[in-house]
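Have a look at the structure below, then the notes.
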Amino acid sequence: MAKTLFDKVWDAHVVDTIKDGPQVLYIDQHLIHEVTSPQAFNELEQRHIPIFRPNQIVATADHNTPTLNQHLPVKDLLSRNQLQQLSENCKKNNITLYQLGHKYNGIVHVMAPELGITQPGMTIVCGDSHTSTHGAFGTIAFGIGTSQVAQVFASQCLLLTKPKSLRVTVNGQLKNGVLPKDVILYIIAKLGTNAGTGYFCEYAGDVFENMSMEGRMTVCNMSIEMGARGGMIAPDQTTFDYVKGREFAPKGEAFDKKVAYWKTLSTDEGATFDKEYFFDAEDIEPMVTYGTNPGMGIKVSENIPSVNDASFEKSLEYMNFKKGESLINKPINYVFIGSCTNSRIEDFRVAANYIKGKHKAENVTAWLVPGSKQVEAQIIQEGLKDIFDAAGFELRQPGCSACLAMNDDKIPQGEYCVSTSNRNFEGRQGQGSRTILASPLVAAATAVEGKIVDITKQLN
Amino acid sequence: MEKFTTLQSTAIPLAIENIDTDQIIPARFLKATDRKGFGNNVFRDWRYNKDGSINKSFALNNPKYSGSILVAGDNFGCGSSREHAAWALNDYGFKVIVSSFFADIFKGNALNNGLLPVQVSPEFLNVLLTEVSEKPEIKLEVNLEAQTISVEGTSFSESFEIDAYKKTCMINGYDDIDYLLSKKEMITAFEAKKTD
């Protein structure tokens, strides 16, 4: 029978099936961080259960880390305690940890792909909903709760019901200035925040085939924002070239053998999906969100829709926007380029390319937070830091930072932030903060202009 | 995990759609390293005004409403995978969350913590929201064995779906770790024959 990419990877990992119940799915790689792991370690310890496969776990500190002065002890006591617990737990259980300051430290979904830990055909989990990012490599990767973190610790498996399948196909040529972030914001705006719930999504079509791995990661990252547990793109030459030569990637003959297998993973001709959507690349424009969920997005040139619904109105009230108005020329005081969605080298290249020779507006605080130590090093090495410095942007140290504002990087009450992150929920970037999601290009232009502009007019 | 069979309780109505886990428990409260105590901060930024005073118009602060059932709008629990959301709701005293739609990860997290997500039709959700809002003393009855939810003293009743395995776990208080540990040999054998 014709199989989908998802079927092939899933079926290769089924250990057992409970009659009329879930399946036991084997997990190849488990990624952990400081916020969602301590309770799982505690639980196992209390129940005297050992960690089953410590060499298939990699840990990093990212959610709750400062982005300034990382060489100094962490000031916040609770954060410091959480980081210390991670170190102790990893040491006790022989788990590899890239702690704060380590040359491989970074946001879990930036660090693992760049080290070659993420490989096609794998199953990967992490106590973080944006684990869907790794699907860019043709892996089944998804976020789990802490009880499931404990289950994987105990057995390297999870009990799961196989999700339904969904395919989103986008064909055509993207317009100048339209980035992968715009593609996924467009898809979510069209489909809504729960169209994917209960499904695993495959992205297909020339738009994704022509994307870099960084771009594919941006797209798959936000699958969860339409409710899908994960998103995948079939591995191809772009994928193999990216993985090749990375620290933990297979080498030599072993790599070639893997590639031969990875090439078999694409969805078969004639395979069917439970749901399919098709979009036209030419219809996509630079996007911005205007509300308090990622589905509330519009083309930057469009006006906020007029919907008569209590939840919609509550959302606009929070944002202090009106139905039918345009966001163009809205003054913005904060810009954040970072997060597991857009903190890879390509994102900073796009920003630097726009910013070069310009200066940020007087009113704007612009934070650039690389996804990892390696990205940070590359920014410096490529001379991008000099461009950012000259333009008045602040390059900080790696971490999740203002995406969820667990550390000190908070947007003040009532302020708008044009952000390359993934969630515009109420208070997500700090109590009372108002988030407008956008691409790194739109974010860079906002910082320079001090207000939202129609970037397409500048480019054409 | 605590066992769950049936529950009769008054309920708290929260007619807001797309309640994300950042609202249920904001990120700044995720620095704790155990599972307890999150109830104090459940819906923190909706329960309190900007100046720190209590927001009296929020349902959880309305003395009219009480009980261990939360009746909430569509797409409850979307966003972050933080299990702290389920812990916070549990810790506050909820045993059942009713909505017309649940986000995947939240649903799994709730079930893993003995917090029962009851998915009803949008029409029945409207009935429940109206009944509970207008008659705060009215009790809802949730019967997991029969998979039904009804409004006491009325003919309003609906059945709900739940995975058979998860139902057994909830009724008996089992968790997935117990089951997975019983499969260790099979897992090891799988690893041995797995080539990729």
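Please note that chains go A, B, ... in the order of the structure tokens, that every chain numbers its residues from 1, and that ligands are numbered from 1 in the order shown.
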
### Message
Set the distance at 10 Å and use only C-alpha atoms: which residues neighbour Ala59 (chain B) once local chain neighbours fewer than 2 positions away are removed? I'd like the list as a PyMOL selection string.
### Response
chain B and resi 12-15+46-47+55-57+61-66+133

Expected file contents, prior selection, all heavy atoms, as a CSV table (one decimal), in the first residue's frame:
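Final output, saved to result-v6.csv:
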chain,number,residue,atom,x,y,z
B,12,ILE,N,-17.7,26.1,37.2
B,12,ILE,CA,-17.3,27.5,37.0
B,12,ILE,C,-17.3,27.7,35.5
B,12,ILE,O,-16.6,27.0,34.7
B,12,ILE,CB,-15.9,27.9,37.6
B,12,ILE,CG1,-16.0,27.6,39.1
B,12,ILE,CG2,-15.6,29.3,37.3
B,12,ILE,CD1,-14.7,27.8,39.8
B,13,PRO,N,-18.1,28.7,35.0
B,13,PRO,CA,-18.1,29.0,33.5
B,13,PRO,C,-17.0,29.9,33.1
B,13,PRO,O,-16.8,30.9,33.7
B,13,PRO,CB,-19.5,29.6,33.3
B,13,PRO,CG,-19.7,30.3,34.6
B,13,PRO,CD,-19.0,29.6,35.7
B,14,LEU,N,-16.4,29.6,32.0
B,14,LEU,CA,-15.3,30.5,31.4
B,14,LEU,C,-15.5,30.5,29.9
B,14,LEU,O,-14.8,29.7,29.2
B,14,LEU,CB,-13.9,29.9,31.9
B,14,LEU,CG,-12.7,30.9,31.8
B,14,LEU,CD1,-13.0,32.2,32.5
B,14,LEU,CD2,-11.5,30.2,32.3
B,15,ALA,N,-16.4,31.4,29.5
B,15,ALA,CA,-16.8,31.3,28.1
B,15,ALA,C,-15.8,32.1,27.1
B,15,ALA,O,-16.2,32.9,26.4
B,15,ALA,CB,-18.2,31.9,27.9
B,46,TRP,N,-5.5,36.9,34.6
B,46,TRP,CA,-6.9,37.2,34.5
B,46,TRP,C,-7.5,37.4,35.9
B,46,TRP,O,-8.5,38.1,36.0
B,46,TRP,CB,-7.6,36.1,33.7
B,46,TRP,CG,-7.3,36.1,32.2
B,46,TRP,CD1,-6.6,37.1,31.5
B,46,TRP,CD2,-7.6,35.1,31.3
B,46,TRP,NE1,-6.6,36.7,30.2
B,46,TRP,CE2,-7.1,35.5,30.0
B,46,TRP,CE3,-8.3,33.8,31.3
B,46,TRP,CZ2,-7.3,34.8,28.8
B,46,TRP,CZ3,-8.4,33.1,30.2
B,46,TRP,CH2,-7.9,33.6,28.9
B,47,ARG,N,-6.9,36.7,36.9
B,47,ARG,CA,-7.5,36.8,38.2
B,47,ARG,C,-7.2,38.1,38.9
B,47,ARG,O,-7.9,38.6,39.8
B,47,ARG,CB,-7.0,35.7,39.1
B,47,ARG,CG,-7.9,34.4,38.9
B,47,ARG,CD,-7.1,33.2,39.4
B,47,ARG,NE,-6.9,33.2,40.8
B,47,ARG,CZ,-6.0,32.4,41.5
B,47,ARG,NH1,-5.3,31.6,40.8
B,47,ARG,NH2,-5.9,32.4,42.8
B,55,ASN,N,-9.4,40.9,40.3
B,55,ASN,CA,-10.3,41.3,39.2
B,55,ASN,C,-11.6,40.6,39.5
B,55,ASN,O,-11.8,39.4,39.2
B,55,ASN,CB,-9.7,40.8,37.8
B,55,ASN,CG,-10.7,40.9,36.7
B,55,ASN,OD1,-11.7,41.5,36.8
B,55,ASN,ND2,-10.4,40.3,35.6
B,56,LYS,N,-12.6,41.4,40.0
B,56,LYS,CA,-13.8,40.8,40.5
B,56,LYS,C,-14.7,40.3,39.4
B,56,LYS,O,-15.6,39.5,39.7
B,56,LYS,CB,-14.5,41.8,41.4
B,56,LYS,CG,-13.8,42.1,42.7
B,56,LYS,CD,-14.6,42.9,43.7
B,56,LYS,CE,-13.9,43.0,45.0
B,56,LYS,NZ,-14.0,44.3,45.6
B,57,SER,N,-14.5,40.8,38.2
B,57,SER,CA,-15.3,40.3,37.1
B,57,SER,C,-14.9,38.9,36.5
B,57,SER,O,-15.6,38.4,35.7
B,57,SER,CB,-15.4,41.4,36.0
B,57,SER,OG,-14.1,41.4,35.4
B,61,ASN,N,-13.1,34.5,40.5
B,61,ASN,CA,-13.2,35.3,41.6
B,61,ASN,C,-14.6,35.7,42.0
B,61,ASN,O,-14.8,36.4,43.0
B,61,ASN,CB,-12.4,36.7,41.4
B,61,ASN,CG,-11.0,36.4,41.2
B,61,ASN,OD1,-10.4,35.5,41.8
B,61,ASN,ND2,-10.3,37.3,40.4
B,62,ASN,N,-15.6,35.2,41.2
B,62,ASN,CA,-17.0,35.5,41.5
B,62,ASN,C,-17.5,34.6,42.6
B,62,ASN,O,-17.5,33.4,42.3
B,62,ASN,CB,-17.7,35.4,40.2
B,62,ASN,CG,-19.2,35.9,40.3
B,62,ASN,OD1,-19.7,35.9,41.4
B,62,ASN,ND2,-19.7,36.3,39.2
B,63,PRO,N,-17.9,35.1,43.7
B,63,PRO,CA,-18.3,34.2,44.8
B,63,PRO,C,-19.5,33.3,44.5
B,63,PRO,O,-19.7,32.3,45.1
B,63,PRO,CB,-18.6,35.2,46.0
B,63,PRO,CG,-18.7,36.5,45.4
B,63,PRO,CD,-17.9,36.5,44.1
B,64,LYS,N,-20.2,33.7,43.4
B,64,LYS,CA,-21.4,32.9,43.0
B,64,LYS,C,-20.9,31.5,42.5
B,64,LYS,O,-21.7,30.6,42.7
B,64,LYS,CB,-22.0,33.6,41.7
B,64,LYS,CG,-23.0,34.7,42.0
B,64,LYS,CD,-24.0,34.9,40.9
B,64,LYS,CE,-23.4,35.1,39.5
B,64,LYS,NZ,-24.2,35.7,38.5
B,65,TYR,N,-19.7,31.5,41.9
B,65,TYR,CA,-19.3,30.2,41.3
B,65,TYR,C,-18.3,29.5,42.1
B,65,TYR,O,-17.4,30.1,42.7
B,65,TYR,CB,-18.7,30.5,39.9
B,65,TYR,CG,-19.7,31.2,39.0
B,65,TYR,CD1,-19.4,32.4,38.4
B,65,TYR,CD2,-20.9,30.6,38.6
B,65,TYR,CE1,-20.3,33.1,37.6
B,65,TYR,CE2,-21.8,31.2,37.8
B,65,TYR,CZ,-21.5,32.5,37.2
B,65,TYR,OH,-22.3,33.1,36.4
B,66,SER,N,-18.5,28.2,42.2
B,66,SER,CA,-17.5,27.3,42.8
B,66,SER,C,-17.6,25.9,42.2
B,66,SER,O,-18.4,25.7,41.4
B,66,SER,CB,-17.7,27.3,44.3
B,66,SER,OG,-19.0,26.7,44.5
B,133,SER,N,-24.0,29.5,34.2
B,133,SER,CA,-23.9,30.9,34.4
B,133,SER,C,-25.1,31.4,35.1
B,133,SER,O,-25.0,32.2,36.1
B,133,SER,CB,-23.7,31.7,33.1
B,133,SER,OG,-22.6,31.2,32.4

What are the nearest atom pairs, with distances in Å to one decimal, for all residues of region 90-162 of chain B that come at most 12 Å from region 68-77 of chain B, using only C-alpha atoms, set out by chain and rising residue number as CSV?
residue,atom,partner,partner_atom,distance
B:Asn90,CA,B:Ser68,CA,9.0
B:Asp91,CA,B:Ser68,CA,10.7
B:Tyr92,CA,B:Ser68,CA,8.7
B:Gly93,CA,B:Ser68,CA,5.7
B:Phe94,CA,B:Ser68,CA,4.2
B:Lys95,CA,B:Ser68,CA,5.5
B:Val96,CA,B:Ile69,CA,4.8
B:Ile97,CA,B:Leu70,CA,4.8
B:Val98,CA,B:Val71,CA,4.7
B:Ser99,CA,B:Ala72,CA,5.1
B:Ser100,CA,B:Asp74,CA,5.1
B:Phe101,CA,B:Asn75,CA,4.6
B:Phe102,CA,B:Phe76,CA,4.8
B:Ala103,CA,B:Gly77,CA,5.4
B:Asp104,CA,B:Gly77,CA,8.3
B:Ile105,CA,B:Gly77,CA,8.0
B:Phe106,CA,B:Gly77,CA,5.4
B:Lys107,CA,B:Gly77,CA,7.7
B:Gly108,CA,B:Gly77,CA,10.6
B:Asn109,CA,B:Gly77,CA,10.0
B:Ala110,CA,B:Gly77,CA,9.8
B:Leu115,CA,B:Ile69,CA,10.0
B:Leu116,CA,B:Ile69,CA,9.5
B:Pro117,CA,B:Phe76,CA,9.6
B:Val118,CA,B:Val71,CA,9.4
B:Gln119,CA,B:Asp74,CA,9.5
B:Val120,CA,B:Asp74,CA,9.9
B:Ser121,CA,B:Asp74,CA,9.9
B:Pro122,CA,B:Asp74,CA,7.8
B:Glu123,CA,B:Asp74,CA,11.3
B:Phe124,CA,B:Val71,CA,11.0
B:Leu125,CA,B:Val71,CA,7.8
B:Asn126,CA,B:Gly73,CA,9.0
B:Val127,CA,B:Val71,CA,10.7
B:Leu128,CA,B:Val71,CA,7.4
B:Leu129,CA,B:Val71,CA,6.7
B:Thr130,CA,B:Val71,CA,10.4
B:Glu131,CA,B:Val71,CA,10.8
B:Val132,CA,B:Val71,CA,8.5
B:Ser133,CA,B:Val71,CA,9.9
B:Pro136,CA,B:Ile69,CA,11.9
B:Ile138,CA,B:Ile69,CA,11.7
B:Lys139,CA,B:Ile69,CA,9.5
B:Leu140,CA,B:Ile69,CA,8.1
B:Glu141,CA,B:Ile69,CA,9.6
B:Val142,CA,B:Ile69,CA,9.3
B:Ile149,CA,B:Ile69,CA,11.2

Could you produce a table of the residues of chain A lying within 6 Å of chain B, with the nearest pair of atoms per residue and their separation in Å rounded to one decimal, using only C-alpha atoms, ordered by chain and increasing residue number, as JSON lines?
{"residue": "A:Gly21", "atom": "CA", "partner": "B:Tyr165", "partner_atom": "CA", "distance": 5.4}
{"residue": "A:Pro38", "atom": "CA", "partner": "B:Thr33", "partner_atom": "CA", "distance": 5.5}
{"residue": "A:Gln39", "atom": "CA", "partner": "B:Asp34", "partner_atom": "CA", "distance": 5.3}
{"residue": "A:Leu78", "atom": "CA", "partner": "B:Lys31", "partner_atom": "CA", "distance": 5.9}
{"residue": "A:Asp128", "atom": "CA", "partner": "B:Ser81", "partner_atom": "CA", "distance": 5.5}
{"residue": "A:Ser129", "atom": "CA", "partner": "B:Ser81", "partner_atom": "CA", "distance": 4.9}
{"residue": "A:Gly145", "atom": "CA", "partner": "B:Glu83", "partner_atom": "CA", "distance": 5.1}
{"residue": "A:Thr146", "atom": "CA", "partner": "B:Glu83", "partner_atom": "CA", "distance": 5.9}
{"residue": "A:Gln151", "atom": "CA", "partner": "B:Ile177", "partner_atom": "CA", "distance": 5.3}
{"residue": "A:Ser311", "atom": "CA", "partner": "B:Glu17", "partner_atom": "CA", "distance": 6.0}
{"residue": "A:Met406", "atom": "CA", "partner": "B:Arg28", "partner_atom": "CA", "distance": 5.0}

### Query
Where in region 35-155 of chain B does DSSP assign alpha helix (DSSP H), given as JSON, numbers by chain?
{"B": [44, 45, 46, 47, 84, 85, 86, 87, 88, 89, 90, 91, 92, 104, 105, 106, 107, 108, 109, 110, 111, 122, 123, 124, 125, 126, 127, 128, 129, 130, 131, 132, 133, 134]}

Got time to write the residues from that selection, C-alpha atoms, as a PDB file, in the first residue's frame?
ATOM      1  CA  ARG B  44      -2.891  34.661  37.268  1.00  0.00           C
ATOM      2  CA  ASP B  45      -3.115  37.552  34.809  1.00  0.00           C
ATOM      3  CA  TRP B  46      -6.888  37.215  34.476  1.00  0.00           C
ATOM      4  CA  ARG B  47      -7.512  36.821  38.214  1.00  0.00           C
ATOM      5  CA  HIS B  84       2.350  22.912  34.650  1.00  0.00           C
ATOM      6  CA  ALA B  85      -1.021  23.955  33.170  1.00  0.00           C
ATOM      7  CA  ALA B  86      -2.586  20.623  34.144  1.00  0.00           C
ATOM      8  CA  TRP B  87      -0.817  20.705  37.521  1.00  0.00           C
ATOM      9  CA  ALA B  88      -2.069  24.245  38.189  1.00  0.00           C
ATOM     10  CA  LEU B  89      -5.699  23.386  37.365  1.00  0.00           C
ATOM     11  CA  ASN B  90      -5.450  20.249  39.503  1.00  0.00           C
ATOM     12  CA  ASP B  91      -3.807  22.079  42.346  1.00  0.00           C
ATOM     13  CA  TYR B  92      -6.527  24.741  42.274  1.00  0.00           C
ATOM     14  CA  ASP B 104      -3.622  17.613  21.852  1.00  0.00           C
ATOM     15  CA  ILE B 105      -0.749  18.045  24.246  1.00  0.00           C
ATOM     16  CA  PHE B 106      -2.890  19.563  26.982  1.00  0.00           C
ATOM     17  CA  LYS B 107      -5.385  16.717  26.701  1.00  0.00           C
ATOM     18  CA  GLY B 108      -2.626  14.136  27.131  1.00  0.00           C
ATOM     19  CA  ASN B 109      -1.111  16.034  30.043  1.00  0.00           C
ATOM     20  CA  ALA B 110      -4.500  16.287  31.778  1.00  0.00           C
ATOM     21  CA  LEU B 111      -5.148  12.551  31.390  1.00  0.00           C
ATOM     22  CA  PRO B 122     -20.546  23.024  20.641  1.00  0.00           C
ATOM     23  CA  GLU B 123     -24.335  23.030  21.177  1.00  0.00           C
ATOM     24  CA  PHE B 124     -24.094  21.157  24.468  1.00  0.00           C
ATOM     25  CA  LEU B 125     -21.259  23.445  25.581  1.00  0.00           C
ATOM     26  CA  ASN B 126     -23.578  26.405  25.041  1.00  0.00           C
ATOM     27  CA  VAL B 127     -26.263  24.690  27.107  1.00  0.00           C
ATOM     28  CA  LEU B 128     -23.776  24.049  29.911  1.00  0.00           C
ATOM     29  CA  LEU B 129     -22.396  27.588  29.834  1.00  0.00           C
ATOM     30  CA  THR B 130     -25.911  29.041  30.002  1.00  0.00           C
ATOM     31  CA  GLU B 131     -27.134  26.683  32.720  1.00  0.00           C
ATOM     32  CA  VAL B 132     -24.062  27.127  34.896  1.00  0.00           C
ATOM     33  CA  SER B 133     -23.874  30.907  34.425  1.00  0.00           C
ATOM     34  CA  GLU B 134     -27.542  31.448  35.220  1.00  0.00           C
TER      35      GLU B 134
END

### Task
Assign secondary structure with DSSP using the backbone only, and return the residues of region 1-193 of chain B in strand (DSSP E) as a PyMOL selection string.
chain B and resi 6-9+11-14+69-72+96-99+116-119+140-143+148-151+157-159

### For region 274-287 of chain A: contacts at 6 Å, only C-alpha atoms, fewer than 3 positions along chain excluded, given as a ChimeraX atom specification
/A:165-174,178,182,298-300

I need the chosen residues saved as a PDB file, in the first residue's frame, with N, CA and C atoms.
ATOM      1  N   SER A 165      -3.534  12.153   9.184  1.00  0.00           N
ATOM      2  CA  SER A 165      -2.551  12.812   8.317  1.00  0.00           C
ATOM      3  C   SER A 165      -3.155  14.002   7.580  1.00  0.00           C
ATOM      4  N   LEU A 166      -2.334  14.988   7.418  1.00  0.00           N
ATOM      5  CA  LEU A 166      -2.734  16.247   6.790  1.00  0.00           C
ATOM      6  C   LEU A 166      -1.590  16.675   5.882  1.00  0.00           C
ATOM      7  N   ARG A 167      -1.932  17.181   4.682  1.00  0.00           N
ATOM      8  CA  ARG A 167      -0.858  17.694   3.823  1.00  0.00           C
ATOM      9  C   ARG A 167      -1.202  19.093   3.369  1.00  0.00           C
ATOM     10  N   VAL A 168      -0.218  19.977   3.474  1.00  0.00           N
ATOM     11  CA  VAL A 168      -0.372  21.334   2.970  1.00  0.00           C
ATOM     12  C   VAL A 168       0.598  21.500   1.814  1.00  0.00           C
ATOM     13  N   THR A 169       0.069  21.770   0.640  1.00  0.00           N
ATOM     14  CA  THR A 169       0.915  21.911  -0.546  1.00  0.00           C
ATOM     15  C   THR A 169       0.917  23.374  -0.983  1.00  0.00           C
ATOM     16  N   VAL A 170       2.116  23.923  -1.151  1.00  0.00           N
ATOM     17  CA  VAL A 170       2.228  25.286  -1.669  1.00  0.00           C
ATOM     18  C   VAL A 170       3.139  25.243  -2.894  1.00  0.00           C
ATOM     19  N   ASN A 171       2.578  25.585  -4.040  1.00  0.00           N
ATOM     20  CA  ASN A 171       3.346  25.591  -5.279  1.00  0.00           C
ATOM     21  C   ASN A 171       3.482  27.005  -5.819  1.00  0.00           C
ATOM     22  N   GLY A 172       4.520  27.205  -6.630  1.00  0.00           N
ATOM     23  CA  GLY A 172       4.714  28.503  -7.263  1.00  0.00           C
ATOM     24  C   GLY A 172       5.968  29.185  -6.760  1.00  0.00           C
ATOM     25  N   GLN A 173       6.098  30.438  -7.136  1.00  0.00           N
ATOM     26  CA  GLN A 173       7.300  31.216  -6.834  1.00  0.00           C
ATOM     27  C   GLN A 173       6.951  32.261  -5.775  1.00  0.00           C
ATOM     28  N   LEU A 174       7.691  32.286  -4.673  1.00  0.00           N
ATOM     29  CA  LEU A 174       7.433  33.303  -3.647  1.00  0.00           C
ATOM     30  C   LEU A 174       7.892  34.666  -4.149  1.00  0.00           C
ATOM     31  N   VAL A 178       9.152  37.836   0.583  1.00  0.00           N
ATOM     32  CA  VAL A 178       8.308  36.865   1.302  1.00  0.00           C
ATOM     33  C   VAL A 178       9.214  35.746   1.819  1.00  0.00           C
ATOM     34  N   ASP A 182       6.634  34.096   6.631  1.00  0.00           N
ATOM     35  CA  ASP A 182       5.387  34.592   6.031  1.00  0.00           C
ATOM     36  C   ASP A 182       4.543  33.427   5.514  1.00  0.00           C
ATOM     37  N   ILE A 298      -2.598  38.824   9.102  1.00  0.00           N
ATOM     38  CA  ILE A 298      -3.009  39.433   7.833  1.00  0.00           C
ATOM     39  C   ILE A 298      -1.761  39.768   7.017  1.00  0.00           C
ATOM     40  N   LYS A 299      -1.953  39.953   5.720  1.00  0.00           N
ATOM     41  CA  LYS A 299      -0.876  40.519   4.911  1.00  0.00           C
ATOM     42  C   LYS A 299      -0.668  41.927   5.429  1.00  0.00           C
ATOM     43  N   VAL A 300       0.567  42.377   5.445  1.00  0.00           N
ATOM     44  CA  VAL A 300       0.845  43.690   6.046  1.00  0.00           C
ATOM     45  C   VAL A 300       0.052  44.803   5.332  1.00  0.00           C
TER      46      VAL A 300
END

### Message
Can you pull out the residues contacting Glu43 (chain A)? Cut-off 9 Å, using only C-alpha atoms, and skip same-chain residues under 6 positions away; I want them as a PyMOL selection string.
### Response
chain A and resi 49+147+150

File of the preceding selection, all heavy atoms, as a PDB file, in the first residue's frame:
ATOM      1  N   ILE A  49      13.241   4.218  39.631  1.00  0.00           N
ATOM      2  CA  ILE A  49      13.333   3.722  38.255  1.00  0.00           C
ATOM      3  C   ILE A  49      14.569   4.350  37.614  1.00  0.00           C
ATOM      4  O   ILE A  49      14.709   5.568  37.615  1.00  0.00           O
ATOM      5  CB  ILE A  49      12.071   4.099  37.435  1.00  0.00           C
ATOM      6  CG1 ILE A  49      10.805   3.557  38.116  1.00  0.00           C
ATOM      7  CG2 ILE A  49      12.182   3.602  35.989  1.00  0.00           C
ATOM      8  CD1 ILE A  49       9.508   4.114  37.542  1.00  0.00           C
ATOM      9  N   SER A 147       5.111  14.323  32.260  1.00  0.00           N
ATOM     10  CA  SER A 147       4.847  12.900  32.555  1.00  0.00           C
ATOM     11  C   SER A 147       5.399  12.028  31.443  1.00  0.00           C
ATOM     12  O   SER A 147       5.904  10.933  31.682  1.00  0.00           O
ATOM     13  CB  SER A 147       3.346  12.639  32.694  1.00  0.00           C
ATOM     14  OG  SER A 147       2.841  13.316  33.808  1.00  0.00           O
ATOM     15  N   ALA A 150       9.106  11.660  31.655  1.00  0.00           N
ATOM     16  CA  ALA A 150       9.420  10.582  32.603  1.00  0.00           C
ATOM     17  C   ALA A 150       9.249   9.209  31.942  1.00  0.00           C
ATOM     18  O   ALA A 150      10.044   8.299  32.175  1.00  0.00           O
ATOM     19  CB  ALA A 150       8.530  10.695  33.841  1.00  0.00           C
TER      20      ALA A 150
END

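Taking CA of Ala112 (chain A) and CA of Leu160 (chain A) as the two end points, the separation is 23.8 Å.
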
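Excluding region 380-388 of chain A itself and any same-chain residue fewer than 3 positions from it, the protein and nucleic acid residues within 8 Å of it, counting only C-alpha atoms, are Phe348, Arg349, Ala352, Ile355, Lys356, Gly357, Glu376, Ala377, Ala391, Gly392, Phe393, Glu394 and Leu395 of chain A.
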